[in-house]
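*Asks:* File data-v7.txt below, compact mmCIF, C-alpha atoms (C1' of nucleotides):
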```txt
# COMPACT_ATOMS: atom_id res chain seq x y z
CA MET N 6 0.00 0.00 0.00
CA GLY N 7 1.10 3.51 -0.85
CA ARG N 8 1.63 6.62 1.18
CA ALA N 9 -1.14 7.74 3.54
CA PRO N 10 -3.04 10.87 2.53
CA SER N 11 -1.82 14.03 4.21
CA VAL N 12 -5.41 15.20 4.48
CA ASP N 13 -8.21 12.92 5.60
CA ASP N 14 -10.98 12.34 3.06
CA ALA N 15 -13.65 13.79 5.32
CA VAL N 16 -11.59 16.86 6.14
CA LEU N 17 -10.77 17.38 2.48
CA LEU N 18 -14.45 17.22 1.57
CA ARG N 19 -15.26 19.75 4.27
CA HIS N 20 -12.78 22.21 2.79
CA LEU N 21 -13.96 21.68 -0.78
CA THR N 22 -17.58 22.02 0.33
CA GLU N 23 -16.78 25.32 1.97
CA ILE N 24 -15.56 26.76 -1.33
CA PHE N 25 -18.30 25.32 -3.55
CA ARG N 26 -21.12 26.45 -1.28
CA GLN N 27 -19.77 29.99 -1.07
CA SER N 28 -18.69 30.48 -4.67
CA GLY N 29 -20.91 28.16 -6.69
CA TYR N 30 -19.66 25.68 -9.26
CA GLU N 31 -18.09 28.10 -11.74
CA GLY N 32 -16.81 30.41 -9.06
CA ALA N 33 -14.96 27.61 -7.26
CA SER N 34 -11.52 27.82 -8.87
CA LEU N 35 -8.94 25.08 -8.52
CA THR N 36 -6.70 27.65 -6.89
CA ALA N 37 -9.32 28.41 -4.24
CA LEU N 38 -10.04 24.71 -3.71
CA SER N 39 -6.32 24.08 -3.45
CA SER N 40 -5.55 26.77 -0.92
CA ALA N 41 -8.61 25.91 1.18
CA SER N 42 -7.66 22.24 1.33
CA GLY N 43 -3.93 22.69 1.68
CA LEU N 44 -3.30 20.39 -1.28
CA HIS N 45 -1.71 21.56 -4.51
CA ARG N 46 -3.81 21.41 -7.63
CA ALA N 47 -2.08 18.32 -8.97
CA SER N 48 -2.76 16.51 -5.70
CA LEU N 49 -6.44 17.34 -5.98
CA TYR N 50 -6.43 15.69 -9.40
CA HIS N 51 -4.87 12.61 -7.87
CA ARG N 52 -7.70 12.41 -5.33
CA PHE N 53 -10.32 13.31 -7.94
CA PRO N 54 -9.17 11.99 -11.34
CA SER N 55 -12.26 13.42 -13.03
CA GLY N 56 -11.26 16.92 -11.92
CA LYS N 57 -13.55 19.67 -10.83
CA PRO N 58 -16.78 17.92 -11.85
CA GLY N 59 -15.73 14.97 -9.71
CA MET N 60 -14.94 17.23 -6.78
CA ALA N 61 -18.34 18.88 -7.06
CA ALA N 62 -20.06 15.50 -7.23
CA ALA N 63 -18.17 14.31 -4.16
CA VAL N 64 -19.12 17.49 -2.35
CA LEU N 65 -22.80 17.00 -3.10
CA GLU N 66 -22.57 13.38 -2.03
CA SER N 67 -21.04 14.43 1.28
CA VAL N 68 -23.77 17.03 1.69
CA GLU N 69 -26.30 14.26 1.12
CA HIS N 70 -24.75 12.37 4.02
CA ALA N 71 -24.79 15.50 6.15
CA PHE N 72 -28.49 15.92 5.44
CA ALA N 73 -29.25 12.33 6.24
CA ASP N 74 -27.93 13.14 9.71
CA ILE N 75 -29.78 16.46 9.86
CA VAL N 76 -33.16 14.87 9.18
CA ALA N 77 -32.49 11.71 11.20
CA PRO N 78 -34.26 13.06 14.31
CA LEU N 79 -37.45 13.41 12.26
CA THR N 80 -37.82 9.63 12.32
CA SER N 81 -35.84 8.61 15.41
CA GLU N 82 -37.47 11.07 17.82
CA SER N 83 -40.99 10.06 18.77
CA ASP N 84 -42.32 13.51 19.65
CA PRO N 85 -42.79 15.45 16.38
CA THR N 86 -42.16 18.85 17.92
CA ALA N 87 -38.98 17.71 19.64
CA ALA N 88 -37.93 16.06 16.38
CA VAL N 89 -38.27 19.31 14.43
CA GLU N 90 -36.50 21.25 17.16
CA GLU N 91 -33.54 18.91 16.93
CA MET N 92 -33.51 19.12 13.13
CA ALA N 93 -33.57 22.92 13.38
CA ARG N 94 -30.61 22.80 15.74
CA ARG N 95 -28.63 20.68 13.28
CA VAL N 96 -29.64 22.89 10.36
CA GLY N 97 -28.29 25.85 12.30
CA VAL N 98 -24.97 24.10 12.78
CA PHE N 99 -24.74 23.11 9.12
CA TYR N 100 -25.30 26.68 7.94
CA ALA N 101 -23.10 28.15 10.69
CA GLN N 102 -26.13 29.98 12.08
CA GLY N 103 -26.77 31.64 8.73
CA ARG N 104 -23.23 32.62 7.79
CA LEU N 105 -22.83 29.91 5.13
CA ALA N 106 -24.79 29.60 1.90
CA CYS N 107 -26.74 26.56 0.71
CA VAL N 108 -25.44 24.32 -2.05
CA LEU N 109 -29.00 24.06 -3.38
CA ASP N 110 -28.70 27.76 -4.09
CA THR N 111 -25.12 28.27 -5.19
CA MET N 112 -24.46 25.02 -7.05
CA THR N 113 -27.51 25.25 -9.28
CA LEU N 114 -26.54 28.45 -11.09
CA ARG N 115 -25.84 28.43 -14.79
CA GLY N 116 -22.57 26.66 -15.48
CA ALA N 117 -23.14 23.77 -13.09
CA PRO N 118 -23.04 20.30 -14.72
CA ASP N 119 -26.36 18.55 -15.19
CA ASP N 120 -25.56 15.72 -12.79
CA ILE N 121 -24.89 18.29 -10.07
CA ARG N 122 -28.27 19.88 -10.69
CA ALA N 123 -29.91 16.47 -10.63
CA ARG N 124 -28.27 15.67 -7.30
CA ALA N 125 -29.38 19.02 -5.90
CA ALA N 126 -32.95 18.39 -6.99
CA HIS N 127 -32.85 14.95 -5.37
CA LEU N 128 -31.46 16.43 -2.17
CA ALA N 129 -34.22 19.02 -2.03
CA THR N 130 -36.88 16.39 -2.67
CA SER N 131 -35.51 14.15 0.07
CA TRP N 132 -35.55 16.99 2.55
CA LEU N 133 -39.08 17.96 1.57
CA THR N 134 -40.25 14.37 1.97
CA ALA N 135 -38.65 14.02 5.39
CA MET N 136 -40.27 17.23 6.62
CA ALA N 137 -43.65 16.32 5.14
CA ASP N 138 -43.46 12.95 6.86
CA VAL N 139 -43.06 14.46 10.30
CA ALA N 140 -45.85 16.94 9.62
CA ARG N 141 -48.17 14.09 8.62
CA ARG N 142 -47.12 12.12 11.67
CA ALA N 143 -48.17 15.13 13.75
CA GLY N 144 -51.64 15.02 12.26
CA ALA N 145 -51.48 17.04 9.06
CA SER N 146 -53.22 15.80 5.94
CA GLU N 147 -51.06 14.60 3.07
CA GLU N 148 -51.64 17.82 1.15
CA ASP N 149 -51.15 20.06 4.16
CA ALA N 150 -47.98 18.22 5.14
CA ARG N 151 -46.43 18.75 1.73
CA ARG N 152 -47.45 22.39 1.76
CA ARG N 153 -45.86 22.89 5.17
CA ALA N 154 -42.64 21.19 4.08
CA ARG N 155 -42.33 23.39 1.02
CA ALA N 156 -43.01 26.49 3.10
CA ALA N 157 -40.30 25.45 5.55
CA LEU N 158 -37.70 24.90 2.83
CA VAL N 159 -38.67 28.15 1.10
CA ARG N 160 -38.19 29.97 4.37
CA ILE N 161 -34.84 28.38 5.14
CA GLU N 162 -33.45 29.16 1.68
CA GLY N 163 -34.93 32.65 1.57
CA SER N 164 -33.73 33.56 5.04
CA LEU N 165 -30.21 32.41 4.13
CA ILE N 166 -30.25 34.84 1.21
CA LEU N 167 -31.45 37.70 3.40
CA ALA N 168 -28.77 36.80 5.92
CA ARG N 169 -26.11 37.01 3.23
CA VAL N 170 -27.42 40.13 1.49
CA LEU N 171 -28.00 42.09 4.70
CA ASP N 172 -25.00 40.54 6.42
CA ASP N 173 -27.26 39.72 9.38
CA PRO N 174 -28.22 36.16 10.34
CA ALA N 175 -31.22 37.26 12.41
CA GLU N 176 -33.84 36.29 9.84
CA PHE N 177 -32.32 32.82 9.52
CA GLN N 178 -32.29 32.31 13.26
CA LEU N 179 -35.92 33.35 13.41
CA ALA N 180 -36.74 30.88 10.65
CA LEU N 181 -35.14 28.08 12.66
CA ALA N 182 -37.00 29.08 15.81
CA GLU N 183 -40.32 28.99 13.99
CA LEU N 184 -39.71 25.73 12.13
CA PRO N 185 -41.67 23.67 14.69
CA GLN N 186 -44.83 25.76 14.29
CA MET N 187 -44.39 25.82 10.53
CA LEU N 188 -44.31 22.05 10.29
CA ILE N 189 -46.45 21.01 13.27
CA ARG N 190 -50.01 22.20 13.59
CA ARG N 191 -50.34 24.71 16.40
CA PRO N 192 -52.75 23.70 19.13
CA ALA N 193 -56.17 25.36 18.83
CA PRO N 194 -56.24 28.70 20.71
CA ALA N 195 -57.74 28.27 24.18
CA GLY N 196 -61.04 30.16 24.42
CA MET K 47 -20.65 63.81 -32.13
CA GLY K 48 -19.53 60.28 -32.95
CA ARG K 49 -21.30 57.25 -34.31
CA ALA K 50 -24.59 56.22 -32.71
CA PRO K 51 -24.52 53.04 -30.60
CA SER K 52 -25.66 49.93 -32.46
CA VAL K 53 -27.36 48.74 -29.30
CA ASP K 54 -29.43 51.06 -27.14
CA ASP K 55 -28.16 51.51 -23.59
CA ALA K 56 -31.34 50.14 -22.05
CA VAL K 57 -31.37 47.10 -24.33
CA LEU K 58 -27.70 46.48 -23.64
CA LEU K 59 -28.31 46.60 -19.89
CA ARG K 60 -31.16 44.13 -20.23
CA HIS K 61 -28.89 41.63 -21.96
CA LEU K 62 -26.08 42.08 -19.47
CA THR K 63 -28.51 41.74 -16.58
CA GLU K 64 -29.77 38.47 -18.00
CA ILE K 65 -26.29 36.97 -17.82
CA PHE K 66 -25.31 38.36 -14.41
CA ARG K 67 -28.52 37.26 -12.73
CA GLN K 68 -28.23 33.74 -14.07
CA SER K 69 -24.52 33.18 -13.63
CA GLY K 70 -23.53 35.46 -10.78
CA TYR K 71 -20.63 37.91 -10.88
CA GLU K 72 -17.76 35.47 -11.33
CA GLY K 73 -19.74 33.18 -13.60
CA ALA K 74 -20.63 35.98 -15.99
CA SER K 75 -17.80 35.77 -18.54
CA LEU K 76 -17.07 38.52 -21.03
CA THR K 77 -17.72 35.99 -23.77
CA ALA K 78 -21.21 35.28 -22.42
CA LEU K 79 -21.90 38.98 -21.93
CA SER K 80 -20.66 39.63 -25.44
CA SER K 81 -22.75 37.01 -27.18
CA ALA K 82 -25.86 37.91 -25.18
CA SER K 83 -25.54 41.58 -26.07
CA GLY K 84 -24.41 41.17 -29.66
CA LEU K 85 -21.39 43.37 -29.04
CA HIS K 86 -17.83 42.14 -29.23
CA ARG K 87 -15.80 42.17 -26.05
CA ALA K 88 -13.77 45.23 -27.07
CA SER K 89 -17.00 47.14 -27.70
CA LEU K 90 -18.21 46.30 -24.24
CA TYR K 91 -15.03 47.83 -22.85
CA HIS K 92 -15.72 50.96 -24.88
CA ARG K 93 -19.17 51.25 -23.28
CA PHE K 94 -17.84 50.26 -19.85
CA PRO K 95 -14.23 51.48 -19.55
CA SER K 96 -13.94 50.03 -16.07
CA GLY K 97 -14.65 46.56 -17.45
CA LYS K 98 -16.65 43.84 -15.80
CA PRO K 99 -16.96 45.59 -12.42
CA GLY K 100 -18.43 48.58 -14.22
CA MET K 101 -20.85 46.38 -16.14
CA ALA K 102 -21.99 44.73 -12.93
CA ALA K 103 -22.45 48.12 -11.25
CA ALA K 104 -24.48 49.38 -14.21
CA VAL K 105 -26.57 46.22 -14.10
CA LEU K 106 -27.36 46.70 -10.43
CA GLU K 107 -28.20 50.34 -11.06
CA SER K 108 -30.63 49.34 -13.80
CA VAL K 109 -32.15 46.75 -11.49
CA GLU K 110 -32.60 49.52 -8.94
CA HIS K 111 -34.61 51.44 -11.53
CA ALA K 112 -36.61 48.32 -12.36
CA PHE K 113 -37.47 47.91 -8.71
CA ALA K 114 -38.47 51.53 -8.35
CA ASP K 115 -41.10 50.72 -10.96
CA ILE K 116 -42.03 47.43 -9.34
CA VAL K 117 -42.77 49.03 -5.98
CA ALA K 118 -44.31 52.20 -7.44
CA PRO K 119 -47.88 50.89 -7.06
CA LEU K 120 -47.31 50.56 -3.32
CA THR K 121 -47.47 54.34 -3.04
CA SER K 122 -49.48 55.36 -6.10
CA GLU K 123 -52.37 52.94 -5.57
CA SER K 124 -54.66 54.01 -2.75
CA ASP K 125 -56.04 50.58 -1.87
CA PRO K 126 -53.26 48.62 -0.12
CA THR K 127 -54.45 45.21 -1.30
CA ALA K 128 -54.72 46.34 -4.91
CA ALA K 129 -51.30 47.94 -4.55
CA VAL K 130 -49.69 44.69 -3.43
CA GLU K 131 -51.49 42.76 -6.15
CA GLU K 132 -50.04 45.06 -8.77
CA MET K 133 -46.58 44.83 -7.25
CA ALA K 134 -46.88 41.03 -7.28
CA ARG K 135 -47.83 41.13 -10.95
CA ARG K 136 -44.74 43.21 -11.76
CA VAL K 137 -42.51 40.99 -9.64
CA GLY K 138 -43.80 38.04 -11.65
CA VAL K 139 -42.86 39.76 -14.89
CA PHE K 140 -39.41 40.72 -13.62
CA TYR K 141 -38.61 37.15 -12.62
CA ALA K 142 -40.25 35.67 -15.75
CA GLN K 143 -42.76 33.89 -13.52
CA GLY K 144 -39.98 32.17 -11.57
CA ARG K 145 -37.71 31.18 -14.42
CA LEU K 146 -35.09 33.86 -13.72
CA ALA K 147 -32.92 34.16 -10.63
CA CYS K 148 -32.58 37.19 -8.38
CA VAL K 149 -29.50 39.41 -8.46
CA LEU K 150 -29.70 39.68 -4.67
CA ASP K 151 -28.99 35.96 -4.65
CA THR K 152 -26.55 35.42 -7.49
CA MET K 153 -24.55 38.65 -7.36
CA THR K 154 -23.74 38.42 -3.66
CA LEU K 155 -21.74 35.20 -3.81
CA ARG K 156 -18.06 35.19 -2.97
CA GLY K 157 -16.10 36.91 -5.71
CA ALA K 158 -18.47 39.82 -6.14
CA PRO K 159 -16.89 43.26 -5.57
CA ASP K 160 -17.76 45.01 -2.34
CA ASP K 161 -19.59 47.87 -4.04
CA ILE K 162 -21.86 45.35 -5.75
CA ARG K 163 -22.67 43.77 -2.40
CA ALA K 164 -23.33 47.19 -0.92
CA ARG K 165 -25.71 48.03 -3.77
CA ALA K 166 -27.49 44.70 -3.31
CA ALA K 167 -27.93 45.36 0.40
CA HIS K 168 -29.32 48.81 -0.37
CA LEU K 169 -31.72 47.34 -2.94
CA ALA K 170 -33.00 44.77 -0.46
CA THR K 171 -33.45 47.43 2.21
CA SER K 172 -35.39 49.69 -0.16
CA TRP K 173 -37.72 46.87 -1.11
CA LEU K 174 -38.25 45.93 2.52
CA THR K 175 -39.04 49.53 3.40
CA ALA K 176 -41.53 49.90 0.56
CA MET K 177 -43.35 46.72 1.55
CA ALA K 178 -43.35 47.64 5.24
CA ASP K 179 -44.81 51.04 4.35
CA VAL K 180 -47.80 49.54 2.59
CA ALA K 181 -48.35 47.10 5.43
CA ARG K 182 -48.34 49.94 7.94
CA ARG K 183 -50.68 51.94 5.72
CA ALA K 184 -53.04 48.95 5.86
CA GLY K 185 -53.08 49.09 9.63
CA ALA K 186 -50.11 47.04 10.80
CA SER K 187 -47.95 48.27 13.65
CA GLU K 188 -44.45 49.42 12.83
CA GLU K 189 -42.97 46.20 14.17
CA ASP K 190 -45.55 43.96 12.50
CA ALA K 191 -45.14 45.78 9.19
CA ARG K 192 -41.39 45.20 9.18
CA ARG K 193 -41.88 41.59 10.14
CA ARG K 194 -44.34 41.09 7.28
CA ALA K 195 -42.03 42.76 4.77
CA ARG K 196 -39.13 40.52 5.74
CA ALA K 197 -41.34 37.45 5.54
CA ALA K 198 -42.47 38.48 2.07
CA LEU K 199 -38.93 38.98 0.78
CA VAL K 200 -37.77 35.74 2.39
CA ARG K 201 -40.60 33.93 0.65
CA ILE K 202 -39.91 35.49 -2.75
CA GLU K 203 -36.21 34.67 -2.60
CA GLY K 204 -36.74 31.19 -1.20
CA SER K 205 -39.43 30.29 -3.69
CA LEU K 206 -37.16 31.40 -6.54
CA ILE K 207 -34.54 28.95 -5.31
CA LEU K 208 -37.06 26.13 -5.08
CA ALA K 209 -38.28 27.00 -8.55
CA ARG K 210 -34.74 26.73 -9.89
CA VAL K 211 -33.72 23.62 -7.97
CA LEU K 212 -36.91 21.69 -8.71
CA ASP K 213 -37.27 23.22 -12.17
CA ASP K 214 -40.86 24.10 -11.31
CA PRO K 215 -42.08 27.69 -10.87
CA ALA K 216 -45.21 26.63 -8.94
CA GLU K 217 -43.92 27.62 -5.51
CA PHE K 218 -42.95 31.07 -6.80
CA GLN K 219 -46.35 31.62 -8.36
CA LEU K 220 -47.97 30.61 -5.07
CA ALA K 221 -45.76 33.06 -3.22
CA LEU K 222 -46.91 35.86 -5.51
CA ALA K 223 -50.55 34.90 -5.09
CA GLU K 224 -50.23 35.01 -1.32
CA LEU K 225 -48.25 38.25 -1.14
CA PRO K 226 -51.35 40.35 -0.40
CA GLN K 227 -52.31 38.31 2.64
CA MET K 228 -48.69 38.20 3.78
CA LEU K 229 -48.40 41.99 3.77
CA ILE K 230 -51.96 43.07 4.51
CA ARG K 231 -53.76 41.94 7.63
CA ARG K 232 -56.48 39.47 6.74
CA PRO K 233 -59.97 40.57 7.72
CA ALA K 234 -61.23 38.96 10.93
CA PRO K 235 -63.03 35.67 10.15
CA ALA K 236 -66.79 36.15 9.95
CA GLY K 237 -68.45 34.27 12.82
C1' DG M 203 -18.79 53.10 -31.82
C1' DT M 204 -17.41 48.67 -33.43
C1' DC M 205 -14.32 45.76 -35.19
C1' DT M 206 -9.83 42.45 -35.58
C1' DA M 207 -5.81 41.34 -33.39
C1' DT M 208 -3.15 40.77 -29.47
C1' DA M 209 -1.28 40.95 -24.77
C1' DT M 210 -1.63 39.08 -20.07
C1' DT M 211 -3.42 36.50 -16.47
C1' DT M 212 -6.02 32.91 -14.53
C1' DG M 213 -8.22 28.40 -14.72
C1' DG M 214 -8.38 23.46 -15.73
C1' DA M 215 -5.58 19.59 -16.43
C1' DT M 216 -1.33 16.39 -17.18
C1' DA M 217 3.67 14.42 -16.77
C1' DG M 218 7.00 12.88 -14.15
C1' DA M 219 10.29 13.42 -10.07
C1' DC M 220 10.36 12.27 -5.20
C1' DG R 176 0.30 10.66 -2.23
C1' DT R 177 2.32 15.07 -3.00
C1' DC R 178 5.16 17.88 -5.25
C1' DT R 179 7.34 21.05 -9.29
C1' DA R 180 6.97 22.06 -13.90
C1' DT R 181 4.36 22.53 -17.85
C1' DC R 182 0.60 22.63 -21.35
C1' DC R 183 -3.56 24.41 -23.22
C1' DA R 184 -7.77 26.89 -23.14
C1' DA R 185 -10.46 30.55 -21.42
C1' DA R 186 -10.94 34.95 -19.20
C1' DT R 187 -9.88 39.90 -18.63
C1' DA R 188 -8.16 43.67 -20.87
C1' DT R 189 -5.83 46.81 -24.44
C1' DA R 190 -4.20 48.75 -29.21
C1' DG R 191 -5.22 50.41 -33.29
C1' DA R 192 -7.68 50.00 -37.89
C1' DC R 193 -12.09 51.29 -39.87
```
Mind converting the file's structure to structure tokens?
*Replies:*
Amino acid sequence: MGRAPSVDDAVLLRHLTEIFRQSGYEGASLTALSSASGLHRASLYHRFPSGKPGMAAAVLESVEHAFADIVAPLTSESDPTAAVEEMARRVGVFYAQGRLACVLDTMTLRGAPDDIRARAAHLATSWLTAMADVARRAGASEEDARRRARAALVRIEGSLILARVLDDPAEFQLALAELPQMLIRRPAPAG
Amino acid sequence: MGRAPSVDDAVLLRHLTEIFRQSGYEGASLTALSSASGLHRASLYHRFPSGKPGMAAAVLESVEHAFADIVAPLTSESDPTAAVEEMARRVGVFYAQGRLACVLDTMTLRGAPDDIRARAAHLATSWLTAMADVARRAGASEEDARRRARAALVRIEGSLILARVLDDPAEFQLALAELPQMLIRRPAPAG
DNA sequence: GTCTATATTTGGATAGAC
DNA sequence: GTCTATCCAAATATAGAC
């Protein structure tokens, strides 16, 4: 067996993800990916023989894994409200409380390869399904559950943009705080 | 006086805007800007001596004008609900019913010049103020009006991302349809 | 004002030494 | 597995003819 990698696969992916999610596919230059990861460009090509498209695909795959963990509480936690609260907490960590952009946003701009766009669409659909499932489990109808899930994703993505544009994560934090009531039917007002 | 421009300033800006909003600042190559506008690269430098940064600045300035028109009904139309409905209609046109991205999103990614980001922040703030004004005029408190305006912008931006990622403008169209009730207090339920 | 031609830099990618 | 060196294409930008 050959020499051990100087940078762990998982760590490398984290660094590459950081660049792709902030700059988009076209904006992520090999130079930026190189300096963020600490590997020279040629070394990146050794780890990803298919080049930048391969790096982007690996990044999206790692983000898929990250999201599997983010939505895991939705099925493992029996109380729907507690489940959504835990998901919201993990979403906050993933987006650095609103300081990092979403790959669904930045990696679907013009210039991104089709397979990247397809992966992004699949990722969004999976997330929507997971959120709709917990809403249905909490008593929402099929149609209402899907509507709530879409509203939640719209709000997360939109609040991330506001956070970036206004350089203020407040709207994103508010979105996270209100995720439970967006997905789970509020109890009927007393009186 | 010299030769007349082969492409009108306003038309030129429209073409440049199309590229920047779809590809972002870094992704908008001179070649793409050239072929979209019908002018060769050197001609673009004649019209914009400061190059790509100047083009991007001019694009954002033209978008500012476009938004001045989009929000105009909020002050010119006396009925708040009708005002928001007309704004929603114009927003739909500007975003081609959800098929075009928002410059607030794409032109604020890493790589964009600081003055572009500053202009984007100013544009977002102006829009928020205009929407909050109409909400307040319809009876909302200062705090509630601002909250509603932010929710409306979050929803527009988020639904545009969903439209792009899922390749389905439905969520954006729904957002537009519900803008009036998001900004204007719903009448108390009868009974 | 627009064009062709060109300079210069950056980006993506490969070869081969260690 | 990582590095230096290099190649080629694309991107930004300029010069000068028309």
*Asks:* Taking all atoms listed in the file into account, what are the residues of chain N at most 8 Å from chain K, put as a PyMOL selection string?
*Replies:* chain N and resi 27-29+31-32+109-111+113-116+122+125-126+129+155+158-164+166-167+169-171+176
*Asks:* At a cut-off of 9 Å, which residues of chain M touch chain N? Count only C-alpha atoms (C1' of nucleotides) and give the answer as a PDB file with C-alpha atoms (C1' of nucleotides), keeping the file's coordinate frame.
*Replies:*
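This went into out_14.pdb:
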```pdb
ATOM      1  C1'  DG M 213      -8.220  28.400 -14.720  1.00  0.00           C
ATOM      2  C1'  DG M 214      -8.380  23.460 -15.730  1.00  0.00           C
ATOM      3  C1'  DA M 215      -5.580  19.590 -16.430  1.00  0.00           C
ATOM      4  C1'  DT M 216      -1.330  16.390 -17.180  1.00  0.00           C
TER       5       DT M 216
END
```
*Asks:* Do you know which residues are at most 12 Å from DC220 of chain M counting all atoms listed in the file, after dropping those on the same chain fewer than 3 positions away, and could you put them as a list in words?
*Replies:* DG176, DT177, DC178 and DT179 of chain R
*Asks:* Deliver the residues from the most recent selection as a file, using C-alpha atoms (C1' of nucleotides), as a tab-separated table (two decimals), in the frame of the given file.
*Replies:*
```tsv
chain	number	residue	atom	x	y	z
R	176	DG	C1'	0.30	10.66	-2.23
R	177	DT	C1'	2.32	15.07	-3.00
R	178	DC	C1'	5.16	17.88	-5.25
R	179	DT	C1'	7.34	21.05	-9.29
```
*Asks:* Output as CSV one row per residue of chain R within 12 Å of chain K: the closest atom pair and its distance in Å to one decimal place, counting all atoms listed in the file, sorted by chain and residue number ascending.
*Replies:*
```
residue,atom,partner,partner_atom,distance
R:DA185,C1',K:Thr77,CA,9.4
R:DA186,C1',K:Ser75,CA,6.9
R:DT187,C1',K:Leu76,CA,7.7
R:DA188,C1',K:Gly97,CA,7.9
R:DT189,C1',K:Ala88,CA,8.5
R:DA190,C1',K:Ala88,CA,10.4
R:DG191,C1',K:Ala88,CA,11.8
```
*Asks:* Report the distance between atom CA of Gln143 of chain K and atom CA of Asp179 of chain K in Å, rounded to one decimal place.
*Replies:*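 So the two atoms, atom CA of Gln143 of chain K and atom CA of Asp179 of chain K, lie 24.9 Å apart.
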*Asks:* Just the number, please: distance in Å from atom C1' of DA217 of chain M to atom CA of Ser11 of chain N, one decimal.
*Replies:* 21.7 Å
*Asks:* Do you have the atom CA of Val89 of chain N-atom CA of Leu184 of chain N distance handy?
*Replies:*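 Answer for the atom CA of Val89 of chain N to atom CA of Leu184 of chain N separation: 7.0 Å.
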*Asks:* Box along x, y and z, 6 Å on every side, all listed atoms of segment 204-215 of chain K inside: centre and edge lengths in Å to one decimal, as AutoDock Vina command-line options.
*Replies:*
```
--center_x -37.9 --center_y 26.5 --center_z -6.7 --size_x 20.4 --size_y 21.7 --size_z 23.0
```
*Asks:* If we count all atoms listed in the file and set the cut-off at 8 Å, which residues sit around Gln219 of chain K, ignoring sequence neighbours fewer than 4 positions away in its own chain? Please answer as a ChimeraX atom specification.
*Replies:* /K:138,143-144,215,223
